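The file target-v4.cif comes next; it holds mmCIF, C-alpha atoms and all ligand atoms.
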```cif
data_coords
loop_
_atom_site.label_atom_id
_atom_site.label_comp_id
_atom_site.auth_asym_id
_atom_site.auth_seq_id
_atom_site.Cartn_x
_atom_site.Cartn_y
_atom_site.Cartn_z
CA MET F 1 -21.88 17.17 -19.55
CA THR F 2 -23.94 15.47 -22.20
CA VAL F 3 -21.92 16.77 -25.11
CA ALA F 4 -20.98 14.26 -27.76
CA PHE F 5 -17.20 14.24 -27.81
CA ALA F 6 -16.01 13.70 -31.33
CA VAL F 7 -12.51 12.93 -32.57
CA PRO F 8 -11.34 12.69 -36.18
CA ASP F 9 -11.49 9.22 -37.74
CA VAL F 10 -7.91 9.56 -38.86
CA LEU F 11 -6.81 9.89 -35.25
CA VAL F 12 -8.67 6.71 -34.33
CA ALA F 13 -7.08 4.90 -37.28
CA ARG F 14 -3.61 5.99 -36.18
CA ALA F 15 -4.33 4.90 -32.62
CA GLN F 16 -5.49 1.53 -33.94
CA ALA F 17 -2.20 1.20 -35.75
CA GLY F 18 -0.48 1.58 -32.38
CA ASP F 19 0.75 5.16 -32.82
CA GLU F 20 1.58 6.34 -29.30
CA ALA F 21 1.07 10.02 -30.04
CA ALA F 22 -2.41 9.23 -31.34
CA LEU F 23 -3.16 7.13 -28.27
CA GLU F 24 -2.12 10.01 -26.07
CA ALA F 25 -4.29 12.40 -28.11
CA LEU F 26 -7.26 10.11 -27.50
CA PHE F 27 -6.48 10.10 -23.80
CA ARG F 28 -6.34 13.92 -23.79
CA ALA F 29 -9.66 14.12 -25.61
CA PHE F 30 -11.47 11.88 -23.15
CA GLU F 31 -9.64 12.07 -19.81
CA THR F 32 -11.92 14.77 -18.38
CA PRO F 33 -15.27 13.28 -19.44
CA VAL F 34 -14.16 9.86 -18.19
CA TYR F 35 -12.84 11.22 -14.94
CA ASN F 36 -15.93 13.35 -14.38
CA LEU F 37 -18.20 10.37 -15.01
CA VAL F 38 -16.44 8.01 -12.63
CA ARG F 39 -15.74 10.71 -10.05
CA ARG F 40 -19.45 11.49 -9.89
CA MET F 41 -20.18 7.79 -9.44
CA LEU F 42 -17.49 6.99 -6.88
CA ARG F 43 -17.04 8.43 -3.44
CA ARG F 44 -13.25 8.42 -3.23
CA PRO F 45 -11.29 10.61 -5.65
CA GLU F 46 -8.38 8.15 -5.70
CA ASP F 47 -10.76 5.39 -6.86
CA ALA F 48 -11.85 7.63 -9.70
CA GLU F 49 -8.23 8.14 -10.70
CA ASP F 50 -7.60 4.41 -10.65
CA VAL F 51 -10.66 3.76 -12.78
CA LEU F 52 -9.51 6.46 -15.21
CA GLN F 53 -6.23 4.59 -15.62
CA GLU F 54 -7.83 1.19 -15.90
CA THR F 55 -10.30 2.49 -18.45
CA PHE F 56 -7.61 3.88 -20.72
CA LEU F 57 -5.42 0.87 -20.34
CA GLU F 58 -8.33 -1.14 -21.69
CA VAL F 59 -9.00 1.47 -24.38
CA VAL F 60 -5.42 1.39 -25.69
CA ARG F 61 -5.38 -2.39 -25.46
CA ASN F 62 -8.64 -2.89 -27.32
CA ILE F 63 -8.83 0.10 -29.63
CA LYS F 64 -8.22 -2.28 -32.56
CA GLN F 65 -11.50 -4.00 -31.74
CA TYR F 66 -13.42 -0.74 -31.94
CA ARG F 67 -15.22 -0.96 -35.26
CA GLY F 68 -16.67 2.52 -35.39
CA GLU F 69 -20.18 1.44 -34.59
CA GLY F 70 -21.70 4.18 -32.46
CA HIS F 71 -19.67 7.05 -31.04
CA LEU F 72 -16.22 6.41 -29.69
CA TRP F 73 -17.35 8.24 -26.57
CA GLY F 74 -20.18 5.73 -26.13
CA TRP F 75 -17.69 2.88 -26.34
CA ILE F 76 -15.25 4.45 -23.88
CA ARG F 77 -18.03 5.55 -21.55
CA ARG F 78 -19.32 2.01 -21.33
CA ILE F 79 -15.88 0.68 -20.38
CA ALA F 80 -15.56 3.39 -17.73
CA SER F 81 -19.01 2.92 -16.20
CA THR F 82 -18.60 -0.86 -16.12
CA LYS F 83 -15.32 -0.52 -14.25
CA ALA F 84 -16.76 2.01 -11.82
CA LEU F 85 -19.76 -0.21 -11.14
CA MET F 86 -17.48 -3.20 -10.59
CA ARG F 87 -15.60 -1.25 -7.99
CA ILE F 88 -18.81 -0.24 -6.24
CA ARG F 89 -19.89 -3.86 -6.14
CA ARG F 90 -16.56 -5.04 -4.82
CA ASP F 91 -16.56 -2.43 -2.07
CA GLN F 92 -20.07 -3.40 -1.09
CA VAL F 93 -19.08 -7.02 -0.73
CA ARG F 94 -16.23 -5.89 1.48
CA GLU F 95 -18.25 -3.51 3.59
CA THR F 96 -21.24 -5.86 3.82
CA GLU F 97 -23.50 -3.54 1.93
CA SER F 98 -24.20 -0.03 3.10
CA LEU F 99 -27.00 1.32 0.99
CA ASP F 100 -28.32 4.77 1.58
CA ASP F 101 -31.23 3.68 3.68
CA GLU F 102 -29.80 5.44 6.66
CA PRO F 103 -32.30 8.30 7.05
CA GLY F 104 -30.58 10.98 9.05
CA LYS F 105 -27.46 8.95 9.67
CA PRO F 106 -26.05 10.10 13.01
CA GLY F 107 -23.09 12.41 12.77
CA MET F 108 -24.10 13.53 9.33
CA HIS F 109 -25.54 16.90 10.07
CA ILE F 110 -26.05 18.94 7.00
CA GLY F 111 -26.09 22.65 7.52
CA ALA F 112 -27.77 25.40 5.62
CA ASN F 113 -26.81 26.33 2.08
CA LEU F 114 -26.48 22.76 1.11
CA ASP F 115 -26.37 22.79 -2.63
CA LEU F 116 -27.36 19.99 -4.93
CA GLU F 117 -23.80 19.04 -5.71
CA ARG F 118 -22.98 18.47 -2.05
CA ALA F 119 -26.26 16.71 -1.36
CA PHE F 120 -25.51 14.41 -4.28
CA GLU F 121 -22.18 13.54 -2.70
CA HIS F 122 -23.98 12.37 0.42
CA LEU F 123 -25.74 9.61 -1.49
CA SER F 124 -24.38 6.08 -1.44
CA ASP F 125 -22.21 5.05 -4.38
CA THR F 126 -24.98 2.87 -5.77
CA SER F 127 -27.49 5.73 -5.69
CA ARG F 128 -25.03 8.18 -7.17
CA ALA F 129 -24.22 5.78 -9.96
CA VAL F 130 -27.87 5.21 -10.81
CA VAL F 131 -28.77 8.92 -10.68
CA TRP F 132 -25.78 9.96 -12.73
CA LEU F 133 -26.09 7.26 -15.37
CA HIS F 134 -29.83 7.73 -15.74
CA ASP F 135 -30.38 11.45 -15.32
CA VAL F 136 -27.17 12.88 -16.72
CA GLU F 137 -25.76 10.29 -19.10
CA GLY F 138 -29.17 9.18 -20.33
CA TYR F 139 -28.80 5.43 -19.73
CA THR F 140 -32.09 3.52 -19.61
CA HIS F 141 -33.06 1.52 -16.54
CA GLU F 142 -32.59 -1.60 -18.65
CA GLU F 143 -28.99 -0.64 -19.45
CA ILE F 144 -28.23 0.23 -15.83
CA ALA F 145 -29.78 -3.00 -14.59
CA GLU F 146 -27.76 -5.03 -17.06
CA GLN F 147 -24.48 -3.33 -16.18
CA MET F 148 -25.11 -3.65 -12.45
CA GLY F 149 -26.32 -7.22 -12.63
CA LYS F 150 -29.57 -6.14 -10.96
CA SER F 151 -33.20 -5.93 -11.98
CA VAL F 152 -34.90 -3.06 -13.76
CA SER F 153 -37.10 -2.46 -10.74
CA PHE F 154 -33.99 -2.22 -8.57
CA SER F 155 -32.69 0.56 -10.80
CA LYS F 156 -36.05 2.35 -10.73
CA SER F 157 -36.46 2.16 -6.98
CA GLN F 158 -32.85 3.25 -6.40
CA LEU F 159 -33.49 6.30 -8.54
CA ALA F 160 -36.71 7.17 -6.72
CA ARG F 161 -35.13 6.70 -3.30
CA ALA F 162 -32.12 8.78 -4.27
CA HIS F 163 -34.34 11.62 -5.44
CA ALA F 164 -36.46 11.42 -2.31
CA ARG F 165 -33.28 11.65 -0.28
CA LEU F 166 -31.90 14.56 -2.32
CA ARG F 167 -35.16 16.39 -1.92
CA ARG F 168 -35.12 15.82 1.84
CA MET F 169 -31.53 16.96 2.22
CA LEU F 170 -32.11 20.11 0.19
CA ASP F 171 -35.26 20.82 2.14
CA GLU F 172 -33.51 20.40 5.50
CA GLY F 173 -30.68 22.55 4.24
CA ALA F 174 -33.08 25.31 3.27
CA HIS F 175 -34.80 25.30 6.65
CA ALA F 176 -31.78 24.84 8.87
CA MET G 1 -55.34 13.21 0.39
CA MET G 2 -53.00 10.82 -1.38
CA HIS G 3 -50.11 12.37 -3.34
CA CYS G 4 -47.64 11.10 -5.89
CA THR G 5 -44.68 9.14 -4.56
CA MET G 6 -41.21 9.76 -5.97
CA GLU G 7 -41.70 6.57 -8.01
CA ASP G 8 -44.88 8.07 -9.47
CA LEU G 9 -43.04 11.28 -10.32
CA GLY G 10 -40.25 9.32 -11.98
CA ALA G 11 -42.82 7.37 -13.96
CA LEU G 12 -44.53 10.60 -14.99
CA ARG G 13 -41.20 11.90 -16.19
CA ALA G 14 -40.65 8.73 -18.20
CA GLY G 15 -44.16 8.85 -19.60
CA GLU G 16 -45.12 5.54 -18.04
CA ALA G 17 -47.17 6.60 -15.04
CA SER G 18 -50.36 4.97 -13.83
CA VAL G 19 -53.74 6.31 -14.86
CA TRP G 20 -54.25 7.54 -11.31
CA ALA G 21 -50.96 9.50 -11.24
CA ARG G 22 -51.58 11.04 -14.64
CA ARG G 23 -55.00 12.19 -13.55
CA HIS G 24 -53.85 13.36 -10.11
CA ILE G 25 -51.03 15.53 -11.40
CA THR G 26 -53.44 17.61 -13.46
CA THR G 27 -55.35 18.72 -10.38
CA CYS G 28 -52.77 18.80 -7.56
CA ALA G 29 -50.61 21.91 -7.29
CA GLN G 30 -48.38 20.30 -4.67
CA CYS G 31 -47.48 17.35 -6.88
CA GLN G 32 -46.99 19.63 -9.87
CA ALA G 33 -44.47 21.55 -7.81
CA GLU G 34 -42.72 18.30 -6.82
CA LEU G 35 -42.49 17.22 -10.44
CA GLU G 36 -41.13 20.60 -11.42
CA ALA G 37 -38.53 20.36 -8.62
CA LEU G 38 -37.50 16.94 -9.94
CA TYR G 39 -36.96 18.40 -13.41
CA GLN G 40 -34.99 21.24 -11.84
CA ARG G 41 -32.69 18.89 -9.94
CA VAL G 42 -31.96 16.87 -13.06
CA ALA G 43 -31.27 20.04 -15.03
CA GLN G 44 -28.93 21.25 -12.28
CA LEU G 45 -27.07 17.93 -12.20
CA LYS G 46 -26.59 18.10 -15.95
CA ALA G 47 -25.23 21.61 -15.63
CA LEU G 48 -22.59 20.76 -13.03
CA PRO G 49 -19.08 21.65 -14.18
CA ALA G 50 -16.82 18.82 -15.32
CA LEU G 51 -14.43 17.61 -12.64
CA ARG G 52 -10.90 17.33 -13.92
CA PRO G 53 -8.38 14.68 -12.92
CA PRO G 54 -6.05 16.17 -10.29
CA ARG G 55 -2.97 14.53 -11.78
CA ASP G 56 -1.77 13.56 -15.21
CA ARG G 57 -2.32 9.82 -15.47
CA TRP G 58 -0.97 9.39 -18.97
CA PRO G 59 2.64 8.69 -17.97
CA ALA G 60 1.50 5.73 -15.85
CA ILE G 61 -0.78 4.39 -18.59
CA HIS G 62 1.94 4.84 -21.18
CA ALA G 63 4.49 3.06 -19.03
CA ALA G 64 2.04 0.21 -18.38
CA LEU G 65 1.46 -0.05 -22.11
CA ARG G 66 5.18 -0.25 -22.79
CA VAL G 67 5.68 -2.95 -20.18
CA GLU G 68 2.80 -4.87 -21.70
CA ARG G 69 4.09 -4.60 -25.21
CA SER G 70 7.46 -5.96 -24.24
CA ARG G 71 5.84 -8.63 -22.12
CA ARG G 72 3.66 -9.80 -24.97
CA ARG G 73 6.72 -11.27 -26.62
CA ARG G 74 7.35 -13.41 -23.58
CA THR G 75 5.00 -15.53 -21.54
CA TRP G 76 3.44 -14.69 -18.22
CA GLY G 77 5.90 -16.95 -16.46
CA THR G 78 9.17 -15.51 -17.66
CA TRP G 79 8.44 -11.82 -17.78
CA THR G 80 9.68 -11.46 -14.22
CA GLY G 81 12.99 -11.11 -15.98
CA SER G 82 11.86 -7.82 -17.41
CA LEU G 83 11.83 -6.45 -13.91
CA ALA G 84 15.14 -8.02 -12.99
CA LEU G 85 17.01 -5.08 -14.46
CA ALA G 86 14.91 -2.70 -12.41
CA ALA G 87 15.69 -4.80 -9.38
CA THR G 88 19.42 -4.56 -10.00
CA ILE G 89 19.35 -0.82 -10.46
CA THR G 90 17.33 -0.18 -7.36
CA ALA G 91 19.35 -2.65 -5.36
CA VAL G 92 22.51 -0.71 -6.15
CA LEU G 93 20.84 2.53 -5.18
CA LEU G 94 19.46 1.11 -1.98
CA VAL G 95 22.48 -0.59 -0.48
CA GLN G 96 23.24 1.94 2.19
CA PRO G 97 23.62 1.62 5.95
CA GLY G 98 20.98 2.21 8.64
CA GLN G 99 17.38 2.71 7.76
CA GLN G 100 18.23 2.19 4.13
CA GLY G 101 19.42 -1.30 5.03
CA THR G 102 16.01 -2.17 6.47
CA LEU G 103 14.27 -0.77 3.43
CA TYR G 104 16.53 -2.82 1.24
CA ALA G 105 15.68 -5.98 3.16
CA GLU G 106 11.99 -5.22 2.87
CA LEU G 107 12.36 -4.52 -0.79
CA SER G 108 14.19 -7.78 -1.49
CA GLN G 109 11.61 -9.66 0.47
CA ALA G 110 8.74 -8.12 -1.48
CA LYS G 111 10.47 -8.88 -4.77
CA GLN G 112 11.15 -12.44 -3.74
CA GLN G 113 7.53 -12.96 -2.75
CA SER G 114 6.43 -11.41 -6.00
CA ALA G 115 8.62 -13.80 -7.97
CA THR G 116 7.40 -16.82 -5.99
CA LEU G 117 3.83 -15.83 -6.72
CA GLU G 118 4.65 -15.49 -10.42
CA ASP G 119 5.81 -19.11 -10.30
CA SER G 120 2.64 -20.33 -8.63
CA LEU G 121 0.65 -18.41 -11.15
CA GLN G 122 2.25 -20.43 -13.94
CA GLN G 123 0.79 -23.57 -12.42
CA TYR G 124 -2.65 -22.16 -12.81
CA ASP G 125 -2.10 -20.72 -16.20
CA ILE G 126 -5.29 -22.02 -17.65
CA ASP G 127 -5.36 -19.87 -20.73
CA GLY G 128 -7.65 -21.32 -23.33
CA ARG G 129 -10.11 -22.35 -20.70
CA VAL G 130 -13.20 -20.24 -20.48
CA LEU G 131 -13.49 -18.39 -17.21
CA SER G 132 -16.96 -17.55 -15.97
CA GLY G 133 -17.92 -13.94 -16.62
CA HIS G 134 -17.34 -12.95 -13.04
CA ALA G 135 -14.04 -14.81 -12.60
CA ALA G 136 -12.76 -13.39 -15.89
CA ALA G 137 -13.69 -9.88 -14.77
CA VAL G 138 -11.90 -10.32 -11.45
CA VAL G 139 -8.79 -11.71 -13.10
CA ALA G 140 -8.82 -8.99 -15.77
CA GLU G 141 -9.13 -6.27 -13.17
CA LEU G 142 -6.28 -7.65 -11.09
CA GLU G 143 -4.10 -7.99 -14.16
CA ASP G 144 -4.90 -4.39 -15.06
CA ARG G 145 -3.93 -3.16 -11.68
CA ILE G 146 -0.68 -5.12 -11.76
CA SER G 147 0.08 -3.72 -15.22
CA ILE G 148 -0.47 -0.19 -14.01
CA LEU G 149 1.67 -0.83 -10.97
CA ASP G 150 4.42 -2.25 -13.17
CA GLY G 151 4.17 0.88 -15.29
CA THR G 152 4.65 2.97 -12.19
CA LEU G 153 7.55 0.80 -11.06
CA ALA G 154 9.19 1.13 -14.47
CA GLN G 155 8.91 4.92 -14.15
CA GLN G 156 10.23 4.95 -10.60
CA GLN G 157 13.54 3.43 -11.61
CA GLN G 158 14.67 6.91 -12.53
CA SER G 159 13.69 8.76 -9.39
CA VAL G 160 13.68 6.27 -6.59
CA GLN G 161 11.83 7.22 -3.46
CA ASP G 162 12.97 4.26 -1.39
CA ALA G 163 10.07 3.94 1.01
CA GLU G 164 7.61 4.59 -1.78
CA LEU G 165 9.21 1.88 -3.87
CA VAL G 166 8.95 -0.66 -1.06
CA LYS G 167 5.28 0.23 -0.71
CA LEU G 168 4.69 -0.27 -4.42
CA TRP G 169 6.38 -3.65 -4.39
CA GLN G 170 4.41 -4.72 -1.34
CA GLU G 171 1.23 -3.63 -3.07
CA ARG G 172 2.28 -5.73 -6.03
CA VAL G 173 2.71 -8.75 -3.78
CA GLY G 174 -0.79 -8.21 -2.42
CA LEU G 175 -2.30 -8.02 -5.89
CA MET G 176 -0.33 -11.04 -7.08
CA ARG G 177 -1.63 -12.98 -4.12
CA GLU G 178 -5.20 -12.07 -5.00
CA LEU G 179 -4.57 -13.03 -8.60
CA VAL G 180 -3.12 -16.41 -7.64
CA ASN G 181 -6.12 -16.98 -5.38
CA ALA G 182 -8.54 -16.06 -8.12
CA ARG G 183 -6.81 -18.41 -10.53
CA ALA G 184 -6.44 -21.19 -7.98
CA THR G 185 -10.09 -21.05 -7.05
CA ARG G 186 -10.98 -21.36 -10.67
CA ALA G 187 -8.52 -24.18 -11.19
CA ARG G 188 -10.10 -26.19 -8.38
CA TYR G 189 -13.47 -25.45 -9.81
CA VAL G 190 -12.65 -26.88 -13.21
CA GLY G 191 -10.98 -29.83 -11.58
CA LEU G 192 -7.32 -29.13 -12.20
ZN ZN F 201 -50.74 15.54 -5.02
#
```
Give the structure from the file, written as structure tokens.
Amino acid sequence: MTVAFAVPDVLVARAQAGDEAALEALFRAFETPVYNLVRRMLRRPEDAEDVLQETFLEVVRNIKQYRGEGHLWGWIRRIASTKALMRIRRDQVRETESLDDEPGKPGMHIGANLDLERAFEHLSDTSRAVVWLHDVEGYTHEEIAEQMGKSVSFSKSQLARAHARLRRMLDEGAHA
Amino acid sequence: MMHCTMEDLGALRAGEASVWARRHITTCAQCQAELEALYQRVAQLKALPALRPPRDRWPAIHAALRVERSRRRRTWGTWTGSLALAATITAVLLVQPGQQGTLYAELSQAKQQSATLEDSLQQYDIDGRVLSGHAAAVVAELEDRISILDGTLAQQQQSVQDAELVKLWQERVGLMRELVNARATRARYVGL
């Protein structure tokens, strides 16, 4: 999922002029990449759907401000990841922080045949976000740190811990 | 024997590892295998199929956009009127005996609360004042969620699921309350 999604300039221009059909066409072009991105970052599917909506509401509201610098996908992706990260932060404030430090959390027995996709889903939202943004979307630690309001070393250590945990889960799965 | 930590492996991948790690990896088969496994995991993550949204969200976004466009011509304070028509329509549909009566009462209550909150919001309408980054983000997110909800409410006029509608309005009241709180906190902060 690292394809560069391109749309014709004329479509963007029509969307900027407020053409509803063009706005819908933009939504159709990007709904899956946006949803996939935020769904990978967020634990609850319904949160991902909400962020998809919020992202496009902001896109249609601010498309006039998009000046064509960089890819449209880069612009939309940034809106989406910022919103997803905000949600993660808000939930953490509410749940008084539950990072993925819980090694072998009780009640979370992972059986054999655990594949990477499922192991990934067992990570905390913060870890998932860092892994996905860094490893799949190609964000730098500096960019992640800035968007999360954390330090670069936080981003680096989250990534390392997440990979250590993935490795452990896959290993346990293989030997179960 | 000391081996590479996951941080070391990540640093190796990024080409910013310590001298020790760079030297160690050339001689240690175990760490080479770990690094290879790390590359494999990343490649596998990249290859995961795209997850598709389970429902079409465009109608809700579109409706929210429409509500917003018509609202833009009014001010925050008076746009409650735009929902008054919806209120009338649903009220007519909901005036029925029994359980429907209770739903209707709940619905009116939620709408009333919503309207009251709109009024309080006007007091704190501090447009033109610069909100802090965080406060602005909170307010913007709440306003987004209310817009989307209003879009949904506008759509629901046609096919009213009574209980569902009450739930939506109650959710709106909750969001409005949060928004008023966010604004009020800010207002105190700037000394209003
Ligand atoms: Zn080693």
Open item on the list: If the limit is 6 Å from any atom of ligand ZN 201 (chain F), counting only C-alpha atoms and all ligand atoms, which residues qualify? Return them as an MDAnalysis selection string.
Closed with: chainID G and resid 3:4 28 30:31
- [ ] Identify every residue of chain G that has at least one atom within 9 Å of any atom of chain F, counting only C-alpha atoms, and report the result as a PyMOL selection string.
- [x] chain G and resi 5-10+37-38+41-55+57-58+60-62+64-65+137+141+144-145+147-148
Selection from above, C-alpha atoms, as a PDB file, keeping the file's coordinate frame, can you write it?
```pdb
ATOM      1  CA  THR G   5     -44.680   9.140  -4.560  1.00  0.00           C
ATOM      2  CA  MET G   6     -41.210   9.760  -5.970  1.00  0.00           C
ATOM      3  CA  GLU G   7     -41.700   6.570  -8.010  1.00  0.00           C
ATOM      4  CA  ASP G   8     -44.880   8.070  -9.470  1.00  0.00           C
ATOM      5  CA  LEU G   9     -43.040  11.280 -10.320  1.00  0.00           C
ATOM      6  CA  GLY G  10     -40.250   9.320 -11.980  1.00  0.00           C
ATOM      7  CA  ALA G  37     -38.530  20.360  -8.620  1.00  0.00           C
ATOM      8  CA  LEU G  38     -37.500  16.940  -9.940  1.00  0.00           C
ATOM      9  CA  ARG G  41     -32.690  18.890  -9.940  1.00  0.00           C
ATOM     10  CA  VAL G  42     -31.960  16.870 -13.060  1.00  0.00           C
ATOM     11  CA  ALA G  43     -31.270  20.040 -15.030  1.00  0.00           C
ATOM     12  CA  GLN G  44     -28.930  21.250 -12.280  1.00  0.00           C
ATOM     13  CA  LEU G  45     -27.070  17.930 -12.200  1.00  0.00           C
ATOM     14  CA  LYS G  46     -26.590  18.100 -15.950  1.00  0.00           C
ATOM     15  CA  ALA G  47     -25.230  21.610 -15.630  1.00  0.00           C
ATOM     16  CA  LEU G  48     -22.590  20.760 -13.030  1.00  0.00           C
ATOM     17  CA  PRO G  49     -19.080  21.650 -14.180  1.00  0.00           C
ATOM     18  CA  ALA G  50     -16.820  18.820 -15.320  1.00  0.00           C
ATOM     19  CA  LEU G  51     -14.430  17.610 -12.640  1.00  0.00           C
ATOM     20  CA  ARG G  52     -10.900  17.330 -13.920  1.00  0.00           C
ATOM     21  CA  PRO G  53      -8.380  14.680 -12.920  1.00  0.00           C
ATOM     22  CA  PRO G  54      -6.050  16.170 -10.290  1.00  0.00           C
ATOM     23  CA  ARG G  55      -2.970  14.530 -11.780  1.00  0.00           C
ATOM     24  CA  ARG G  57      -2.320   9.820 -15.470  1.00  0.00           C
ATOM     25  CA  TRP G  58      -0.970   9.390 -18.970  1.00  0.00           C
ATOM     26  CA  ALA G  60       1.500   5.730 -15.850  1.00  0.00           C
ATOM     27  CA  ILE G  61      -0.780   4.390 -18.590  1.00  0.00           C
ATOM     28  CA  HIS G  62       1.940   4.840 -21.180  1.00  0.00           C
ATOM     29  CA  ALA G  64       2.040   0.210 -18.380  1.00  0.00           C
ATOM     30  CA  LEU G  65       1.460  -0.050 -22.110  1.00  0.00           C
ATOM     31  CA  ALA G 137     -13.690  -9.880 -14.770  1.00  0.00           C
ATOM     32  CA  GLU G 141      -9.130  -6.270 -13.170  1.00  0.00           C
ATOM     33  CA  ASP G 144      -4.900  -4.390 -15.060  1.00  0.00           C
ATOM     34  CA  ARG G 145      -3.930  -3.160 -11.680  1.00  0.00           C
ATOM     35  CA  SER G 147       0.080  -3.720 -15.220  1.00  0.00           C
ATOM     36  CA  ILE G 148      -0.470  -0.190 -14.010  1.00  0.00           C
TER      37      ILE G 148
END
```
Shell around range 153-155 of chain G at 8 Å using all atoms listed in the file, local window under 6 positions removed, as a PDB file with C-alpha atoms, in the frame of the given file:
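Here's the written file part.pdb:
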```pdb
ATOM      1  CA  ALA G  60       1.500   5.730 -15.850  1.00  0.00           C
ATOM      2  CA  ALA G  63       4.490   3.060 -19.030  1.00  0.00           C
ATOM      3  CA  VAL G  67       5.680  -2.950 -20.180  1.00  0.00           C
ATOM      4  CA  ALA G  86      14.910  -2.700 -12.410  1.00  0.00           C
ATOM      5  CA  LEU G 165       9.210   1.880  -3.870  1.00  0.00           C
ATOM      6  CA  LEU G 168       4.690  -0.270  -4.420  1.00  0.00           C
TER       7      LEU G 168
END
```
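One finds CA of Glu142 in chain F at 15.6 Å from CA of Gly15 in chain G.
Going from CA of Met2 in chain G to CA of Glu16 in chain G covers 19.2 Å.
From CA of Gln147 in chain F back to CA of Gln65 in chain F, the distance works out to 20.3 Å.
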